[in-house]
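Okay, structure first, notes after.
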Amino acid sequence: MARSIRVIIVSVAAAMMLVGAGCRLQQGDQFAYPTVGSTATFQAYPHWGIAGTVTVVDAHTLRLDDFSFHGEGLAVDIRLQRGDTRVAVVADLTTKSYDHATVELAIPEDVALTDFNLVTVFCPALSSPVSGAAFK
């Protein structure tokens with residue numbers, strides 16, 4: 001009983017930190033799956049300097065356009081997710097900074113466009129995305 005109360009308290013605290021930090025990604029499968037040519041915009045998160053768009057170039061390539069990230073603070077990566085489930089990590093952003101850059105990312109060979117519906121900037125230390133781009 002005490003352990004489940006502690007788990008609930010930690011989960012609520014983490015959720016409150018993320019909402020306060022500006023991350024308002026909903027979880028689940030309510031987002032559309034991308035198709036070639038689909039574009040989504042990252043949620044702006046000034047504290048981390050995250051901004052830009054992601055475009056599906058083809059079945060194996062994503063392109064980040066006008067992508068910015070200050071590269072400071074906790075380690076983060078770029079993930080493909082289906083709702084709140086990780087499908088693949090496609091880039092490690094730790095110690096890298098981007099200023100309105102164009103970046104091409106490879107979609108792993110074993111991942112289809114119908115396997116994911118979000119591209120997130122994810123912080124493993126917080127166990128949560130700090131920004132994300134949902135396809136519509």
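Every chain in the structure tokens takes a letter, A first, then B, and so on in the order presented; its residues are numbered from 1, and the ligands are numbered from 1 following the presented order.
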
Could you pull out the residues in range 29-119 of chain A that DSSP calls strand (DSSP E) from the backbone, as a PyMOL selection string?
chain A and resi 39-41+51-58+61-69+77-82+85-92+98-106+118-119

Neighbouring residues of range 107-124 of chain A were defined as those with any atom within 6 Å, considering only C-alpha atoms; residues of the same chain fewer than 6 positions away were excluded. Please report them as a VMD selection string.
chain A and resid 31 to 33 60 to 61 76 to 82 130 to 134

Tell me which protein, DNA and RNA residues are within 7 Å of Thr41 in chain A, counting only C-alpha atoms, leaving out same-chain ones fewer than 6 positions away, and put them as a list in words.
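Near neighbours after the sequence-gap exclusion: Gly52, Thr53, Val54 and Ala133 of chain A.
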
Could those residues be written to a file, using N, CA and C atoms, as a PDB file, in the first residue's frame?
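Written output follows (part-v7.pdb):
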```
ATOM      1  N   GLY A  52      10.912  24.234 -34.296  1.00  0.00           N
ATOM      2  CA  GLY A  52      11.126  23.701 -35.631  1.00  0.00           C
ATOM      3  C   GLY A  52      10.010  22.785 -36.078  1.00  0.00           C
ATOM      4  N   THR A  53      10.203  22.212 -37.265  1.00  0.00           N
ATOM      5  CA  THR A  53       9.214  21.289 -37.826  1.00  0.00           C
ATOM      6  C   THR A  53       9.906  19.990 -38.225  1.00  0.00           C
ATOM      7  N   VAL A  54       9.101  18.945 -38.363  1.00  0.00           N
ATOM      8  CA  VAL A  54       9.594  17.656 -38.844  1.00  0.00           C
ATOM      9  C   VAL A  54       8.757  17.263 -40.054  1.00  0.00           C
ATOM     10  N   ALA A 133       6.168  16.706 -31.692  1.00  0.00           N
ATOM     11  CA  ALA A 133       5.509  17.093 -32.938  1.00  0.00           C
ATOM     12  C   ALA A 133       4.509  15.999 -33.279  1.00  0.00           C
TER      13      ALA A 133
END
```

Neighbour list for Ala101 in chain A as a compact mmCIF listing (two decimals) with N, CA, C and O atoms, in the first residue's frame, cut-off 7 Å, only C-alpha atoms, skip fewer than 4 positions in-chain:
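Output below, filename around-v7.txt:
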```txt
# COMPACT_ATOMS: atom_id res chain seq x y z
N ASP A 65 13.39 20.84 -39.98
CA ASP A 65 13.64 22.13 -40.61
C ASP A 65 13.54 23.23 -39.57
O ASP A 65 12.68 23.17 -38.67
N ASP A 66 14.41 24.22 -39.71
CA ASP A 66 14.42 25.37 -38.80
C ASP A 66 14.48 24.89 -37.35
O ASP A 66 13.87 25.46 -36.46
N PHE A 67 15.23 23.78 -37.12
CA PHE A 67 15.28 23.14 -35.81
C PHE A 67 16.26 23.84 -34.89
O PHE A 67 17.40 24.13 -35.27
N SER A 68 15.80 24.14 -33.69
CA SER A 68 16.65 24.77 -32.69
C SER A 68 16.57 23.98 -31.38
O SER A 68 15.51 23.49 -31.00
```

Near-Glu72 in chain A list (8 Å; only C-alpha atoms; drop same-chain fewer than 3 positions) as a list in words
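Selected residues are Trp48, Thr94, Thr95 and Ser97 of chain A.
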
Hey, can you spit out that residue selection with all heavy atoms as a short mmCIF file (atom, residue, chain, number, x, y, z; two decimals), in the first residue's frame?
```cif
data_model
loop_
_atom_site.label_atom_id
_atom_site.label_comp_id
_atom_site.auth_asym_id
_atom_site.auth_seq_id
_atom_site.Cartn_x
_atom_site.Cartn_y
_atom_site.Cartn_z
N TRP A 48 14.26 25.07 -23.09
CA TRP A 48 15.22 24.19 -23.74
C TRP A 48 15.62 24.73 -25.13
O TRP A 48 16.46 24.15 -25.79
CB TRP A 48 14.61 22.80 -23.93
CG TRP A 48 14.39 22.06 -22.65
CD1 TRP A 48 13.46 22.36 -21.68
CD2 TRP A 48 15.08 20.91 -22.18
NE1 TRP A 48 13.54 21.46 -20.65
CE2 TRP A 48 14.52 20.55 -20.93
CE3 TRP A 48 16.10 20.13 -22.70
CZ2 TRP A 48 14.96 19.47 -20.19
CZ3 TRP A 48 16.53 19.05 -21.96
CH2 TRP A 48 15.97 18.73 -20.72
N THR A 94 22.39 15.01 -26.83
CA THR A 94 23.25 15.38 -25.71
C THR A 94 24.48 16.13 -26.21
O THR A 94 25.16 15.67 -27.12
CB THR A 94 23.67 14.12 -24.93
OG1 THR A 94 22.48 13.43 -24.54
CG2 THR A 94 24.48 14.47 -23.70
N THR A 95 24.72 17.27 -25.61
CA THR A 95 25.86 18.17 -25.89
C THR A 95 25.89 18.73 -27.32
O THR A 95 26.89 19.26 -27.74
CB THR A 95 27.23 17.51 -25.59
OG1 THR A 95 27.49 16.49 -26.54
CG2 THR A 95 27.29 16.96 -24.17
N SER A 97 24.09 21.43 -30.07
CA SER A 97 23.17 22.55 -30.16
C SER A 97 22.87 22.80 -31.65
O SER A 97 23.69 22.53 -32.51
CB SER A 97 23.74 23.81 -29.51
OG SER A 97 24.91 24.23 -30.16
#
```
